[in-house]
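For reference, the structure is listed below as structure tokens.
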Amino acid sequence: MKSVMKNLVRNEKGAALILALLVLLIGGLISAALLNHMGSGILAGVVHERRTAELYAADAGVEDAIWRLPELELCQYQSTNYTIYDINGKTVRIFIEFPEPGIYKVTSVAFTDGNGSGGIAAIDSNTAVETYLETETFDLLGGALVSSGDVTFHKDCAVTGDVYYVGEIIGKDYTHTDGYEIQVPLSVFPTQEQNEAFAQQLEEEALLGGTHTGDMTISSDMTLGPKHITGNLNIDQNITITLAGVVYVEGYIKCEKTLVITGTGSLVAEGDIYLSKLADYTVTGDSIIMSLNGDITLKKSDPADELSIEAFIYAPNGIISFDKDMTVIGSVIGAGIEIDKYGAFNYVSKSSSFNFPPVVTYAAKIKTYNIIQS
């Protein structure tokens, strides 16, 4: 019996075959599941990569919409849409709605066409990004002081209303109520062509009263306007001018004598406006003091007196300078604004009375951001 058992133990022929068969059997069982898992992983990776590309493409569509908002000029409740091709290999459809003031809804959808070799990767899909944007807008007539350059304050000034500026606010020794300091890009300001078109409207009103060819010199009290003057307007005596419409001067307006301006109307010059001894400006109704290409300088006749001007003062290409103890009720807009001490500026909206470029959307902030995949 012992010899038989010894022979069985010593005889190991065929053991390796049995082990090999066992390894192949187990490997076969495992490899099928493993290969299936690997196949699913590869397909999942393809889908994930595709979804990621769709998301990036849809997000790029939102950024494109933000970039385009300033030029769209949509009115409230209006909508528009457009398509961009080949962003990350995707077609992106962008929908823009204007549901309420200052708010835009942007939906950007990136599409994938099912062009794979089969399976999940060949199914059409899309990823949408739905956002609500809060816009930053600029209204040229929306501030007490609006400068495409700097605003310079001297001692003890006061502002009621917003201050818009491009450059810097220098000498912040002033009281600010009911408003903000808002820095804006230069691009939001009207172009020279728009300014010229606005001035032309005023020139046409002045032409209704006839044209004075060459320079005009005023030496006594008079009623003036509407009147178109092809040269300069000089005032060389202490007088009162009663405006009866728009006075449009192709040159400059200059007065170094004591001047009272009353009536109803506006003063517009293509060159400088220099009033060094302004005693009173009691023009009723909507009034504009505008220099299309020059500076505006307003000084008082008596430094001890206070002077109040209710008007829209506009020098898109020049510096507007104010003497001390001056009050302006309206809106002051220039390429630069300089205010002597004790100046006071109170904003009054003129947007309804002057036909000027509309409110400009210059930036947008994302308030909500939702991703929708299908």
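Chains: A, B, ... in order of the structure tokens. Residues: from 1 per chain. Ligands: from 1, in order shown.
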
Please build the interface table for range 149-230 of chain A against range 356-369 of chain A with a cut-off of 12 Å, listing for each qualifying residue the nearest atom pair and the distance in Å to one decimal; count only C-alpha atoms, order rows by chain and increasing number, and write it as a tab-separated table.
residue	atom	partner	partner_atom	distance
A:Gln183	CA	A:Tyr362	CA	11.6
A:Val184	CA	A:Tyr362	CA	8.3
A:Pro185	CA	A:Tyr362	CA	7.9
A:Leu186	CA	A:Tyr362	CA	10.2
A:Ser187	CA	A:Tyr362	CA	8.3
A:Val188	CA	A:Val360	CA	6.3
A:Phe189	CA	A:Val360	CA	8.6
A:Pro190	CA	A:Pro357	CA	7.1
A:Thr191	CA	A:Pro357	CA	9.8
A:Gln192	CA	A:Pro357	CA	11.9
A:Glu193	CA	A:Pro357	CA	11.1
A:Gln194	CA	A:Pro357	CA	7.4
A:Asn195	CA	A:Phe356	CA	8.6
A:Glu196	CA	A:Phe356	CA	11.0
A:Ala197	CA	A:Phe356	CA	9.1
A:Phe198	CA	A:Phe356	CA	6.6
A:Ala199	CA	A:Phe356	CA	10.0
A:Gln200	CA	A:Phe356	CA	11.7
A:Gln201	CA	A:Phe356	CA	10.0
A:Leu202	CA	A:Phe356	CA	11.5

Inset, instruction - Could you give me the residues within range 134-336 of chain A that DSSP places in strand (DSSP E or B), as a ChimeraX atom specification? - result: /A:134-138,145-147,151-153,157-160,163-165,169-170,174-177,181-183,211-212,216-218,222-224,227-229,233-235,239-243,246-249,253-255,259-263,266-269,273-283,288-291,296-300,307-322,326-336

Inset, instruction - Find the residue from A:Asn370, A:Ile87, A:Pro303, A:Gly336 that sits nearest to Glu168 in chain A; use only C-alpha atoms when measuring. - result: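 Ranking A:Asn370, A:Ile87, A:Pro303, A:Gly336 by distance to Glu168 in chain A, first place goes to A:Gly336.
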
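Of the residues under consideration (A:Pro316, A:Glu256, A:Asn232, A:Thr264), A:Glu256 shows the shortest atom-to-atom contact distance to Ser301 in chain A when counting only C-alpha atoms.
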
Inset, instruction - Enter the distance from CA of Leu72 in chain A to CA of Ile94 in chain A, in Å, rounded to one decimal. - result: 13.3 Å

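Between Asn355 in chain A and the candidates A:Arg93, A:Pro226, A:Ile84, A:Leu140, the tightest atom-to-atom separation, counting only C-alpha atoms, involves A:Leu140.
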
Inset, instruction - Do a neighbour search on range 271-285 of chain A at 6 Å with only C-alpha atoms, toss out local chain neighbours closer than 6 positions, and write the hits as a list in words. - result: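 In the requested format, the answer is Gly251, Tyr252, Ile253, Lys254, Cys255, Glu256, Lys257, Thr258, Leu259, Val260, Ile261, Thr262, Gly263, Thr264, Ser291, Asn293, Gly294, Asp295, Ile296, Thr297, Leu298, Lys299, Lys300, Ser301 and Ile309 of chain A.
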
Legend entry - For CA of Phe138 in chain A and CA of Glu310 in chain A, the interatomic separation in Å (one decimal):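 One can read the CA of Phe138 in chain A to CA of Glu310 in chain A distance as 22.4 Å.
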
Inset, instruction - Find the spatial neighbours of Thr327 in chain A, counting only C-alpha atoms, within a cut-off of 10 Å - ignore same-chain residues fewer than 3 positions away - and output them as number ranges by chain. - result: A: 157-159, 306-310, 322-324, 330, 342-346

File dump, residues just selected, N, CA and C atoms, as a PDB file, in the first residue's frame:
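So the final result, stored in part-v2.pdb, reads:
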ATOM      1  N   CYS A 157     -16.707 121.426  -3.116  1.00  0.00           N
ATOM      2  CA  CYS A 157     -17.720 121.290  -4.173  1.00  0.00           C
ATOM      3  C   CYS A 157     -18.775 120.271  -3.744  1.00  0.00           C
ATOM      4  N   ALA A 158     -19.909 120.298  -4.425  1.00  0.00           N
ATOM      5  CA  ALA A 158     -20.996 119.374  -4.094  1.00  0.00           C
ATOM      6  C   ALA A 158     -21.647 118.875  -5.374  1.00  0.00           C
ATOM      7  N   VAL A 159     -21.940 117.577  -5.398  1.00  0.00           N
ATOM      8  CA  VAL A 159     -22.570 116.969  -6.569  1.00  0.00           C
ATOM      9  C   VAL A 159     -23.755 116.142  -6.111  1.00  0.00           C
ATOM     10  N   GLU A 306     -23.229 134.515  -6.175  1.00  0.00           N
ATOM     11  CA  GLU A 306     -23.471 133.162  -6.634  1.00  0.00           C
ATOM     12  C   GLU A 306     -24.189 133.222  -7.970  1.00  0.00           C
ATOM     13  N   LEU A 307     -23.973 132.208  -8.795  1.00  0.00           N
ATOM     14  CA  LEU A 307     -24.616 132.157 -10.104  1.00  0.00           C
ATOM     15  C   LEU A 307     -25.167 130.766 -10.352  1.00  0.00           C
ATOM     16  N   SER A 308     -26.427 130.695 -10.762  1.00  0.00           N
ATOM     17  CA  SER A 308     -27.071 129.409 -11.040  1.00  0.00           C
ATOM     18  C   SER A 308     -27.438 129.347 -12.519  1.00  0.00           C
ATOM     19  N   ILE A 309     -27.091 128.225 -13.149  1.00  0.00           N
ATOM     20  CA  ILE A 309     -27.400 127.993 -14.563  1.00  0.00           C
ATOM     21  C   ILE A 309     -28.185 126.695 -14.666  1.00  0.00           C
ATOM     22  N   GLU A 310     -29.361 126.774 -15.240  1.00  0.00           N
ATOM     23  CA  GLU A 310     -30.114 125.549 -15.495  1.00  0.00           C
ATOM     24  C   GLU A 310     -30.042 125.262 -16.987  1.00  0.00           C
ATOM     25  N   PHE A 322     -15.539 125.992 -14.792  1.00  0.00           N
ATOM     26  CA  PHE A 322     -16.499 126.779 -14.019  1.00  0.00           C
ATOM     27  C   PHE A 322     -15.769 127.608 -12.961  1.00  0.00           C
ATOM     28  N   ASP A 323     -16.247 128.850 -12.813  1.00  0.00           N
ATOM     29  CA  ASP A 323     -15.756 129.732 -11.780  1.00  0.00           C
ATOM     30  C   ASP A 323     -16.254 129.255 -10.419  1.00  0.00           C
ATOM     31  N   LYS A 324     -15.715 129.799  -9.343  1.00  0.00           N
ATOM     32  CA  LYS A 324     -16.164 129.421  -8.002  1.00  0.00           C
ATOM     33  C   LYS A 324     -17.586 129.931  -7.744  1.00  0.00           C
ATOM     34  N   GLY A 330     -28.816 120.527 -14.116  1.00  0.00           N
ATOM     35  CA  GLY A 330     -28.922 119.882 -15.425  1.00  0.00           C
ATOM     36  C   GLY A 330     -27.885 118.802 -15.564  1.00  0.00           C
ATOM     37  N   TYR A 342     -16.307 125.657  -4.258  1.00  0.00           N
ATOM     38  CA  TYR A 342     -17.704 125.912  -3.901  1.00  0.00           C
ATOM     39  C   TYR A 342     -18.682 125.665  -5.056  1.00  0.00           C
ATOM     40  N   GLY A 343     -18.281 124.924  -6.063  1.00  0.00           N
ATOM     41  CA  GLY A 343     -19.193 124.595  -7.158  1.00  0.00           C
ATOM     42  C   GLY A 343     -20.237 123.580  -6.706  1.00  0.00           C
ATOM     43  N   ALA A 344     -21.461 123.737  -7.227  1.00  0.00           N
ATOM     44  CA  ALA A 344     -22.548 122.809  -6.886  1.00  0.00           C
ATOM     45  C   ALA A 344     -23.227 122.360  -8.170  1.00  0.00           C
ATOM     46  N   PHE A 345     -23.439 121.045  -8.288  1.00  0.00           N
ATOM     47  CA  PHE A 345     -23.997 120.482  -9.515  1.00  0.00           C
ATOM     48  C   PHE A 345     -25.121 119.528  -9.156  1.00  0.00           C
ATOM     49  N   ASN A 346     -26.312 119.846  -9.629  1.00  0.00           N
ATOM     50  CA  ASN A 346     -27.507 119.070  -9.322  1.00  0.00           C
ATOM     51  C   ASN A 346     -28.072 118.497 -10.615  1.00  0.00           C
TER      52      ASN A 346
END

Legend entry - Two-atom distance - CA of Phe153 in chain A, CA of Ser287 in chain A (Å): 24.7 Å

Legend entry - Top pick for closest residue to Ala65 in chain A, considering A:Tyr77, A:Asp86, A:Glu130, A:Thr213 and counting only C-alpha atoms: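 Among the listed residues, the smallest separation from Ala65 in chain A belongs to A:Glu130.
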
Legend entry - Residue nearest Arg50 in chain A - candidates A:Lys155, A:Lys350, A:His212, A:Lys90, atoms counted: only C-alpha atoms: A:Lys90

Inset, instruction - For each of A:Glu49, A:Asp124, A:Glu54, A:Glu205, take the minimum atom-to-atom distance to Val92 in chain A, counting only C-alpha atoms, then give the residue where this is smallest. - result: A:Glu54

Legend entry - Neighbour list for Glu63 in chain A as a list in words, cut-off 10 Å, only C-alpha atoms, skip fewer than 6 positions in-chain: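 Using only C-alpha atoms, the neighbours found are Ala57, Val106, Ser108 and Ala364 of chain A.
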
Selection: 9 Å around Thr152 in chain A, only C-alpha atoms, excl. self and same-chain fewer than 6 positions, as an mmCIF file with C-alpha atoms, in the first residue's frame:
data_model
loop_
_atom_site.group_PDB
_atom_site.id
_atom_site.type_symbol
_atom_site.label_atom_id
_atom_site.label_comp_id
_atom_site.auth_asym_id
_atom_site.auth_seq_id
_atom_site.Cartn_x
_atom_site.Cartn_y
_atom_site.Cartn_z
ATOM 1 C CA GLU A 168 -9.450 110.237 -13.227
ATOM 2 C CA ILE A 169 -11.307 112.159 -10.566
ATOM 3 C CA ILE A 170 -8.776 114.655 -9.253
ATOM 4 C CA GLY A 171 -9.070 116.460 -5.922
ATOM 5 C CA LYS A 172 -11.910 114.540 -4.272
ATOM 6 C CA GLY A 336 -12.743 117.252 -19.368
ATOM 7 C CA ILE A 337 -14.396 119.166 -16.527
ATOM 8 C CA GLU A 338 -12.688 121.579 -14.118
ATOM 9 C CA ILE A 339 -14.575 123.101 -11.199
ATOM 10 C CA ASP A 340 -13.342 125.881 -8.957
#
